[in-house]
>>> print(open('target.cif').read())   # mmCIF, C-alpha atoms
data_run
loop_
_atom_site.label_atom_id
_atom_site.label_comp_id
_atom_site.auth_asym_id
_atom_site.auth_seq_id
_atom_site.Cartn_x
_atom_site.Cartn_y
_atom_site.Cartn_z
CA MET A 24 0.00 0.00 0.00
CA GLU A 25 1.00 3.53 -0.63
CA ILE A 26 1.92 6.08 2.06
CA PHE A 27 3.97 9.27 2.10
CA VAL A 28 7.23 9.43 4.02
CA ASN A 29 8.76 12.86 4.44
CA GLY A 30 6.68 14.14 1.56
CA ARG A 31 7.51 11.36 -0.90
CA PRO A 32 5.38 8.38 -1.98
CA HIS A 33 6.50 5.13 -0.41
CA THR A 34 5.20 1.58 -0.79
CA ILE A 35 4.87 -0.65 2.26
CA PRO A 36 3.30 -4.07 2.94
CA ALA A 37 -0.41 -4.14 3.84
CA GLU A 38 0.44 -4.83 7.49
CA CYS A 39 3.15 -2.45 8.60
CA SER A 40 3.81 -0.77 11.93
CA VAL A 41 5.81 2.41 12.46
CA ALA A 42 8.59 0.28 13.96
CA GLN A 43 8.66 -1.91 10.83
CA LEU A 44 8.77 1.16 8.59
CA LEU A 45 11.70 2.66 10.53
CA ASP A 46 13.42 -0.70 10.38
CA GLU A 47 12.95 -0.93 6.62
CA LEU A 48 14.30 2.61 6.18
CA LYS A 49 17.22 1.73 8.46
CA LEU A 50 16.42 4.72 10.66
CA SER A 51 17.25 4.55 14.34
CA GLY A 52 18.49 6.72 17.15
CA ARG A 53 16.86 9.95 18.19
CA LEU A 54 13.83 10.56 16.00
CA ALA A 55 10.37 11.97 16.32
CA THR A 56 7.53 10.71 14.16
CA GLU A 57 4.24 12.20 13.09
CA ILE A 58 1.39 10.55 11.23
CA ASN A 59 -0.98 13.01 9.61
CA ARG A 60 0.45 15.77 11.80
CA GLU A 61 -0.08 13.85 15.04
CA ILE A 62 2.95 12.82 17.06
CA VAL A 63 3.36 9.09 17.55
CA PRO A 64 5.13 8.57 20.89
CA SER A 65 8.12 6.24 20.49
CA GLY A 66 6.46 3.79 22.89
CA HIS A 67 3.70 3.25 20.30
CA TYR A 68 5.95 2.49 17.31
CA VAL A 69 5.44 -1.28 17.56
CA THR A 70 1.67 -1.17 17.95
CA ARG A 71 0.79 1.71 15.66
CA GLN A 72 -0.22 0.32 12.25
CA LEU A 73 0.04 2.46 9.13
CA ARG A 74 -2.92 3.01 6.85
CA SER A 75 -3.02 3.67 3.14
CA GLY A 76 -2.46 7.34 2.38
CA ASP A 77 -0.89 8.14 5.77
CA ARG A 78 1.49 11.06 5.67
CA VAL A 79 4.46 10.16 7.85
CA GLU A 80 7.12 12.61 8.93
CA ILE A 81 10.32 11.29 10.47
CA ILE A 82 12.21 14.12 12.10
CA ARG A 83 15.73 14.37 13.48
CA ALA A 84 17.95 17.05 14.95
CA VAL A 85 20.39 18.77 12.59
CA GLY A 86 22.85 21.61 12.94
CA GLY A 87 21.15 24.96 13.35
CA GLY A 88 21.29 28.27 15.15
CA MET B 2 46.87 30.76 40.22
CA ASN B 3 45.48 33.30 37.77
CA ALA B 4 43.63 30.52 36.01
CA VAL B 5 42.20 29.40 39.35
CA LEU B 6 41.05 32.94 40.19
CA ALA B 7 39.55 33.34 36.74
CA SER B 8 37.60 30.12 37.05
CA GLN B 9 36.40 31.15 40.52
CA ALA B 10 35.13 34.41 39.03
CA VAL B 11 32.99 32.35 36.69
CA GLU B 12 31.96 29.89 39.41
CA ASN B 13 30.60 32.67 41.61
CA ASP B 14 28.60 34.19 38.80
CA PRO B 15 26.49 31.49 37.24
CA LEU B 16 23.87 31.93 34.56
CA ILE B 17 20.56 30.51 35.69
CA ILE B 18 17.95 29.66 33.08
CA ALA B 19 14.70 27.94 34.07
CA GLY B 20 16.23 26.97 37.40
CA LYS B 21 19.30 25.31 35.91
CA THR B 22 22.78 26.69 36.54
CA TYR B 23 25.36 27.17 33.81
CA ARG B 24 28.98 28.26 34.03
CA SER B 25 29.20 29.43 30.43
CA ARG B 26 27.35 32.50 29.22
CA LEU B 27 28.07 31.70 25.60
CA LEU B 28 25.41 29.70 23.80
CA VAL B 29 26.23 28.41 20.34
CA GLY B 30 24.39 27.19 17.31
CA THR B 31 25.48 24.08 15.45
CA GLY B 32 24.64 25.09 11.87
CA LYS B 33 26.80 26.02 8.88
CA TYR B 34 29.86 23.93 9.80
CA ARG B 35 31.82 21.97 7.20
CA ASP B 36 31.12 18.67 8.91
CA LEU B 37 30.20 17.16 12.26
CA ASP B 38 33.81 16.93 13.37
CA GLU B 39 34.29 20.67 12.94
CA THR B 40 30.98 21.22 14.72
CA ARG B 41 32.22 19.19 17.66
CA ARG B 42 35.63 20.83 17.85
CA ALA B 43 34.26 24.37 17.64
CA THR B 44 31.53 23.64 20.17
CA GLU B 45 34.09 22.24 22.60
CA ALA B 46 36.40 25.22 22.09
CA SER B 47 33.51 27.62 22.79
CA GLY B 48 32.96 26.12 26.24
CA ALA B 49 29.22 26.40 25.61
CA GLU B 50 26.90 24.24 27.68
CA ILE B 51 23.72 25.12 25.82
CA ILE B 52 23.66 24.41 22.10
CA THR B 53 20.90 25.02 19.61
CA VAL B 54 19.77 22.48 17.04
CA ALA B 55 17.19 22.57 14.27
CA LEU B 56 14.58 19.93 13.45
CA ARG B 57 14.37 18.65 9.92
CA ARG B 58 13.27 15.60 7.97
CA SER B 59 15.49 12.52 8.23
CA ASN B 60 17.31 11.60 5.06
CA ILE B 61 15.52 8.65 3.55
CA GLY B 62 17.67 6.19 1.67
CA GLN B 63 20.81 8.30 1.86
CA SER B 64 23.58 6.76 3.92
CA PRO B 65 21.40 5.89 6.89
CA ASN B 66 24.46 5.11 8.96
CA GLU B 67 25.89 8.62 8.78
CA PRO B 68 26.57 9.98 12.27
CA ASN B 69 23.83 11.94 13.95
CA LEU B 70 24.42 15.42 15.38
CA LEU B 71 23.22 14.26 18.80
CA ASP B 72 25.72 11.37 18.77
CA VAL B 73 28.52 13.91 18.34
CA LEU B 74 27.04 16.44 20.79
CA PRO B 75 25.12 14.22 23.19
CA PRO B 76 22.31 15.52 25.43
CA SER B 77 24.11 13.87 28.35
CA ARG B 78 26.86 16.48 27.96
CA TYR B 79 25.04 19.50 26.53
CA THR B 80 21.72 21.16 27.20
CA ILE B 81 20.07 20.88 23.81
CA LEU B 82 18.06 23.91 22.79
CA PRO B 83 15.90 22.99 19.80
CA ASN B 84 14.92 25.98 17.72
CA THR B 85 11.98 26.81 15.49
CA ALA B 86 14.20 28.26 12.79
CA GLY B 87 12.49 28.55 9.45
CA CYS B 88 9.01 28.80 10.99
CA TYR B 89 6.89 31.67 9.68
CA THR B 90 3.65 30.75 11.42
CA VAL B 91 2.52 30.13 14.99
CA GLU B 92 1.31 26.69 13.96
CA ASP B 93 4.67 25.60 12.48
CA ALA B 94 6.57 26.87 15.52
CA ILE B 95 4.34 25.00 17.95
CA ARG B 96 4.43 21.84 15.87
CA THR B 97 8.23 22.01 15.82
CA CYS B 98 8.44 22.46 19.60
CA ARG B 99 6.15 19.50 20.22
CA LEU B 100 8.27 17.32 17.93
CA ALA B 101 11.40 18.51 19.72
CA ARG B 102 9.93 17.52 23.08
CA GLU B 103 9.18 14.06 21.71
CA LEU B 104 12.63 13.77 20.12
CA LEU B 105 14.36 14.75 23.36
CA ASP B 106 12.34 12.55 25.72
CA GLY B 107 10.20 15.28 27.22
CA HIS B 108 12.89 17.95 27.43
CA ASP B 109 10.93 21.19 27.36
CA LEU B 110 13.47 23.98 26.85
CA VAL B 111 12.98 25.52 23.40
CA LYS B 112 14.17 28.49 21.41
CA LEU B 113 11.14 30.13 19.86
CA GLU B 114 11.55 32.16 16.73
CA VAL B 115 8.72 33.05 14.41
CA LEU B 116 10.11 34.79 11.39
CA GLY B 117 8.33 37.53 9.53
CA ASP B 118 10.47 38.22 6.50
CA ALA B 119 12.95 36.09 4.56
CA LYS B 120 15.23 38.98 3.64
CA THR B 121 15.90 40.29 7.14
CA LEU B 122 14.81 37.25 9.18
CA PHE B 123 13.29 39.75 11.57
CA PRO B 124 10.79 38.20 13.96
CA ASP B 125 7.04 38.43 13.40
CA ILE B 126 6.26 39.96 16.77
CA PRO B 127 2.47 39.40 16.93
CA ALA B 128 3.01 35.75 15.95
CA THR B 129 5.91 35.41 18.42
CA LEU B 130 3.73 36.72 21.28
CA GLN B 131 0.92 34.35 20.35
CA ALA B 132 3.21 31.31 20.02
CA ALA B 133 4.97 32.13 23.30
CA GLU B 134 1.67 32.27 25.14
CA ILE B 135 0.57 28.87 23.79
CA LEU B 136 3.93 27.20 24.43
CA VAL B 137 4.14 28.49 28.01
CA ARG B 138 0.62 27.17 28.60
CA GLU B 139 1.73 23.77 27.25
CA GLY B 140 4.55 23.66 29.78
CA PHE B 141 7.45 24.60 27.53
CA LYS B 142 10.32 26.66 28.90
CA VAL B 143 10.59 29.26 26.20
CA MET B 144 13.72 31.21 25.30
CA VAL B 145 12.44 33.67 22.78
CA TYR B 146 14.13 35.40 19.85
CA THR B 147 12.74 38.89 19.45
CA SER B 148 13.47 42.38 18.20
CA ASP B 149 15.31 44.90 20.38
CA ASP B 150 12.05 46.60 21.40
CA PRO B 151 12.07 47.01 25.21
CA LEU B 152 8.28 46.92 25.52
CA ILE B 153 7.97 43.68 23.57
CA ALA B 154 10.81 42.14 25.58
CA LYS B 155 8.94 42.96 28.79
CA ARG B 156 5.70 41.59 27.40
CA LEU B 157 7.42 38.29 26.52
CA GLU B 158 8.78 38.10 30.06
CA GLU B 159 5.30 38.71 31.45
CA LEU B 160 3.94 35.92 29.26
CA GLY B 161 6.26 33.55 31.13
CA CYS B 162 9.26 33.15 28.82
CA VAL B 163 12.31 31.94 30.78
CA ALA B 164 14.73 34.08 28.76
CA VAL B 165 14.32 36.90 26.28
CA MET B 166 16.77 37.07 23.40
CA PRO B 167 16.77 40.30 21.44
CA LEU B 168 18.65 40.45 18.17
CA ALA B 169 21.68 42.73 17.99
CA ALA B 170 21.48 42.82 14.18
CA PRO B 171 19.91 40.54 11.56
CA ILE B 172 20.68 36.80 11.86
CA GLY B 173 23.97 35.94 10.19
CA SER B 174 24.71 39.59 9.32
CA GLY B 175 27.70 40.05 11.62
CA LEU B 176 26.83 43.74 11.96
CA GLY B 177 27.35 43.78 15.74
CA ILE B 178 25.29 45.57 18.39
CA ARG B 179 23.29 48.07 16.30
CA ASN B 180 21.29 49.58 19.14
CA PRO B 181 23.16 49.30 22.43
CA TYR B 182 20.75 51.75 24.11
CA ASN B 183 17.78 49.50 23.47
CA ILE B 184 19.68 46.42 24.61
CA ARG B 185 20.59 48.24 27.83
CA LEU B 186 16.99 49.31 28.38
CA ILE B 187 15.84 45.73 27.94
CA VAL B 188 18.46 44.51 30.43
CA GLU B 189 17.57 47.20 32.99
CA ASN B 190 13.88 46.31 32.93
CA ALA B 191 14.26 42.53 32.93
CA ARG B 192 13.65 39.96 35.63
CA VAL B 193 14.62 37.04 33.38
CA PRO B 194 17.94 36.47 31.63
CA ILE B 195 18.49 38.62 28.54
CA LEU B 196 20.69 37.12 25.86
CA VAL B 197 21.75 38.78 22.65
CA ASP B 198 20.79 36.38 19.91
CA ALA B 199 21.98 37.09 16.39
CA GLY B 200 24.10 39.77 14.79
CA VAL B 201 27.46 39.22 16.48
CA GLY B 202 30.33 39.38 13.98
CA THR B 203 33.48 39.14 16.04
CA ALA B 204 34.76 38.89 19.60
CA SER B 205 34.42 42.59 20.44
CA ASP B 206 30.69 42.46 19.57
CA ALA B 207 30.22 39.68 22.10
CA ALA B 208 32.18 41.62 24.71
CA ILE B 209 30.04 44.73 24.10
CA ALA B 210 26.85 42.71 24.56
CA MET B 211 28.15 41.45 27.89
CA GLU B 212 29.41 44.88 28.97
CA LEU B 213 25.89 46.18 28.41
CA GLY B 214 24.79 43.77 31.10
CA CYS B 215 23.38 40.97 29.00
CA ASP B 216 23.27 37.61 30.76
CA GLY B 217 24.62 35.78 27.74
CA VAL B 218 25.14 35.72 24.01
CA LEU B 219 23.89 33.21 21.49
CA MET B 220 25.71 32.97 18.19
CA ASN B 221 26.28 30.63 15.28
CA THR B 222 27.49 32.24 12.06
CA ALA B 223 30.19 34.38 13.72
CA ILE B 224 31.93 31.15 14.72
CA ALA B 225 30.92 28.71 11.99
CA GLY B 226 31.54 31.23 9.23
CA ALA B 227 34.99 32.31 10.46
CA LYS B 228 38.03 31.25 8.49
CA ASP B 229 39.08 29.17 11.50
CA PRO B 230 35.91 28.35 13.43
CA VAL B 231 37.68 26.54 16.28
CA LEU B 232 39.97 29.51 16.92
CA MET B 233 37.03 31.91 16.74
CA ALA B 234 35.08 29.74 19.18
CA GLY B 235 37.89 30.18 21.71
CA ALA B 236 37.98 33.93 21.04
CA MET B 237 34.23 34.19 21.68
CA LYS B 238 34.54 32.26 24.92
CA LYS B 239 37.13 34.74 26.19
CA ALA B 240 35.21 37.75 24.88
CA VAL B 241 32.03 36.72 26.71
CA GLU B 242 33.96 36.10 29.92
CA ALA B 243 35.90 39.37 29.58
CA GLY B 244 32.77 41.36 28.81
CA ARG B 245 30.95 39.86 31.78
CA GLU B 246 33.79 40.58 34.17
CA ALA B 247 34.09 44.13 32.87
CA TYR B 248 30.35 44.62 33.42
CA ARG B 249 30.60 43.31 36.97
CA ALA B 250 33.74 45.33 37.65
CA GLY B 251 32.02 48.55 36.57
CA ARG B 252 33.58 50.66 33.86
CA ILE B 253 34.93 54.13 34.52
CA PRO B 254 32.80 57.09 33.43
CA ARG B 255 33.62 58.60 30.05
CA LYS B 256 35.29 62.02 30.29
CA ALA B 257 35.97 64.56 27.60
CA TYR B 258 39.50 65.38 28.83
CA ALA B 259 42.55 63.53 30.08
CA SER B 260 43.21 62.49 33.66
CA ALA B 261 46.85 61.60 34.34
CA SER B 262 47.54 58.10 35.58
CA SER B 263 50.92 58.95 37.17
CA PRO B 264 51.16 61.09 40.35
CA LEU B 265 51.70 64.79 39.86
CA GLU B 266 53.63 65.05 43.17
CA GLY B 267 57.25 64.09 43.40
CA THR B 268 58.21 65.00 39.90
CA PHE B 269 61.93 65.93 39.66
CA PHE B 270 61.78 67.69 36.31
#
>>> encode(input="target.cif", output="structure tokens")
Amino acid sequence: MEIFVNGRPHTIPAECSVAQLLDELKLSGRLATEINREIVPSGHYVTRQLRSGDRVEIIRAVGGG
Amino acid sequence: MNAVLASQAVENDPLIIAGKTYRSRLLVGTGKYRDLDETRRATEASGAEIITVALRRSNIGQSPNEPNLLDVLPPSRYTILPNTAGCYTVEDAIRTCRLARELLDGHDLVKLEVLGDAKTLFPDIPATLQAAEILVREGFKVMVYTSDDPLIAKRLEELGCVAVMPLAAPIGSGLGIRNPYNIRLIVENARVPILVDAGVGTASDAAIAMELGCDGVLMNTAIAGAKDPVLMAGAMKKAVEAGREAYRAGRIPRKAYASASSPLEGTFF
């Protein structure tokens, strides 16, 4: 099924949690995740299933003033 | 011995922000460096304990194993101050702060900036006031970037911001302290720490900010954009310390005419 990750279309299996998505993208460490502009607490990554059309943002800290 | 005395001078004069004590009055940004190693070396040389970071999208599919900023500058060592840089609306600024709190395990110290204009990066003051009010209500400890308007600075303090950070000149401009009289007025009226945020170009600018009585200085480009950022970081550290000590020591009044330093009695000529 099709979702959006950081603004780009992305295909995932029909059953896919946030944790599985992060795993597939090889993203770990300090991140914050939103689905459809709602924060998903890191404790919910395993249980929170993605739905078709979800807009996922995976945010990290970068250098800035 | 001199080094010991100098460090005692700093020890006895801590900066307190939101109840936490800091020895360094220099806060640094982590943007615009060549790479993470330079970021780390300059940050260490600055002696800063509070460092700002920005929040952006993770790189998808591009070298996922590349080191993370927070691995190089870990929250266990530094107080991380996430900013809302690039936000032009109240909504974007609040969204960014909420994400930062999630990213940093509930850490609630944020640097609020709501920009009003891409050319000057001057703050949108009505939006800044509105965002500050909401963030304070949500339990954030807000350090707020603002203009050098003394009335607005006071209003932000009254809204519950833990520090007010007037600009000295536009972000990244390096123009120095453009309106020292306003900065001094802000300092005189304040009950929360006042930090000059933005506009510093070189060490003397930082010293002037501190001599005006500011509680600290926040800078990024002046260090990261220098030919030798690590050397400049050390210069800024000393300038902030020197400026602070000069402020505490109390400068002499300015006079129009000379006043001899050597005794007039006992001359033999």
>>> resolve_selection(input="target.cif", expression="the PyMOL selection byres ((chain B) within 9 of (chain A))", output="PyMOL selection string")
chain B and resi 29-34+37+40+52-62+65-66+69-72+83-84+86+96+99-105+199+219-222
>>> atom_distance(input="target.cif", atom1="CA of Ile51 (chain B)", atom2="CA of Arg252 (chain B)")
28.5 Å
>>> closest_residue(input="target.cif", among="A:Ala37, A:Val69, A:Leu44, A:Ile58", to="Met24 (chain A)", atoms="all atoms listed in the file")
A:Ala37
>>> residues_near_point(input="target.cif", point="(4.4, 5.2, 14.6)", cutoff="6 Å", atoms="only C-alpha atoms", output="number ranges by chain")
A: 41, 63, 68, 71
>>> residues_around(input="target.cif", residues="region 127-140 of chain B", least_positions_apart="6", cutoff="12 Å", atoms="all atoms listed in the file", output="number ranges by chain")
B: 19, 85, 88-99, 102, 107-117, 146-148, 152-165
>>> closest_residue(input="target.cif", among="A:Asn59, A:Gln72, A:His67, A:Glu25", to="Glu38 (chain A)", atoms="all atoms listed in the file")
A:Gln72
>>> atom_distance(input="target.cif", atom1="CA of Ala208 (chain B)", atom2="CA of Thr44 (chain B)")
18.6 Å
>>> atom_distance(input="target.cif", atom1="CA of Met166 (chain B)", atom2="CA of Met211 (chain B)")
13.0 Å
>>> resolve_selection(input="target.cif", expression="the PyMOL selection byres ((chain A and resi 76) around 10)", output="PyMOL selection string")
chain A and resi 24-27+32-33+59+73-75+77-79
>>> residues_around(input="target.cif", residues="Ile187 (chain B)", least_positions_apart="3", cutoff="8 Å", atoms="only C-alpha atoms", output="PyMOL selection string")
chain B and resi 149-151+154-155+183-184+190-191+195
>>> write_last_selection(input="target.cif", atoms="C-alpha atoms", output="PDB file, in the frame of the given file")
ATOM      1  CA  ASP B 149      15.310  44.900  20.380  1.00  0.00           C
ATOM      2  CA  ASP B 150      12.050  46.600  21.400  1.00  0.00           C
ATOM      3  CA  PRO B 151      12.070  47.010  25.210  1.00  0.00           C
ATOM      4  CA  ALA B 154      10.810  42.140  25.580  1.00  0.00           C
ATOM      5  CA  LYS B 155       8.940  42.960  28.790  1.00  0.00           C
ATOM      6  CA  ASN B 183      17.780  49.500  23.470  1.00  0.00           C
ATOM      7  CA  ILE B 184      19.680  46.420  24.610  1.00  0.00           C
ATOM      8  CA  ASN B 190      13.880  46.310  32.930  1.00  0.00           C
ATOM      9  CA  ALA B 191      14.260  42.530  32.930  1.00  0.00           C
ATOM     10  CA  ILE B 195      18.490  38.620  28.540  1.00  0.00           C
TER      11      ILE B 195
END
>>> residues_near_point(input="target.cif", point="(24.9, 40.9, 14.5)", cutoff="8 Å", atoms="all atoms listed in the file", output="list in words")
Leu168, Ala169, Ala170, Pro171, Ile172, Gly173, Ser174, Gly175, Leu176, Gly177, Ile178, Arg179, Ala199, Gly200, Val201, Gly202 and Asp206 of chain B
>>> residues_around(input="target.cif", residues="Lys239 (chain B)", least_positions_apart="3", cutoff="10 Å", atoms="only C-alpha atoms", output="ChimeraX atom specification")
/B:27,47-48,204,207-208,233-236,242-245
>>> write_last_selection(input="target.cif", atoms="C-alpha atoms", output="PDB file, in the frame of the given file")
ATOM      1  CA  LEU B  27      28.070  31.700  25.600  1.00  0.00           C
ATOM      2  CA  SER B  47      33.510  27.620  22.790  1.00  0.00           C
ATOM      3  CA  GLY B  48      32.960  26.120  26.240  1.00  0.00           C
ATOM      4  CA  ALA B 204      34.760  38.890  19.600  1.00  0.00           C
ATOM      5  CA  ALA B 207      30.220  39.680  22.100  1.00  0.00           C
ATOM      6  CA  ALA B 208      32.180  41.620  24.710  1.00  0.00           C
ATOM      7  CA  MET B 233      37.030  31.910  16.740  1.00  0.00           C
ATOM      8  CA  ALA B 234      35.080  29.740  19.180  1.00  0.00           C
ATOM      9  CA  GLY B 235      37.890  30.180  21.710  1.00  0.00           C
ATOM     10  CA  ALA B 236      37.980  33.930  21.040  1.00  0.00           C
ATOM     11  CA  GLU B 242      33.960  36.100  29.920  1.00  0.00           C
ATOM     12  CA  ALA B 243      35.900  39.370  29.580  1.00  0.00           C
ATOM     13  CA  GLY B 244      32.770  41.360  28.810  1.00  0.00           C
ATOM     14  CA  ARG B 245      30.950  39.860  31.780  1.00  0.00           C
TER      15      ARG B 245
END
>>> closest_residue(input="target.cif", among="B:Leu186, B:Ala210, B:Leu122, B:Val197", to="Val145 (chain B)", atoms="all atoms listed in the file")
B:Val197
>>> resolve_selection(input="target.cif", expression="the PyMOL selection byres ((chain B and resi 25) around 8)", output="MDAnalysis selection string")
chainID B and resid 11 15:16 23:24 26:28 48:50
>>> write_last_selection(input="target.cif", atoms="C-alpha atoms", output="compact mmCIF listing (two decimals), keeping the file's coordinate frame")
# COMPACT_ATOMS: atom_id res chain seq x y z
CA VAL B 11 32.99 32.35 36.69
CA PRO B 15 26.49 31.49 37.24
CA LEU B 16 23.87 31.93 34.56
CA TYR B 23 25.36 27.17 33.81
CA ARG B 24 28.98 28.26 34.03
CA ARG B 26 27.35 32.50 29.22
CA LEU B 27 28.07 31.70 25.60
CA LEU B 28 25.41 29.70 23.80
CA GLY B 48 32.96 26.12 26.24
CA ALA B 49 29.22 26.40 25.61
CA GLU B 50 26.90 24.24 27.68
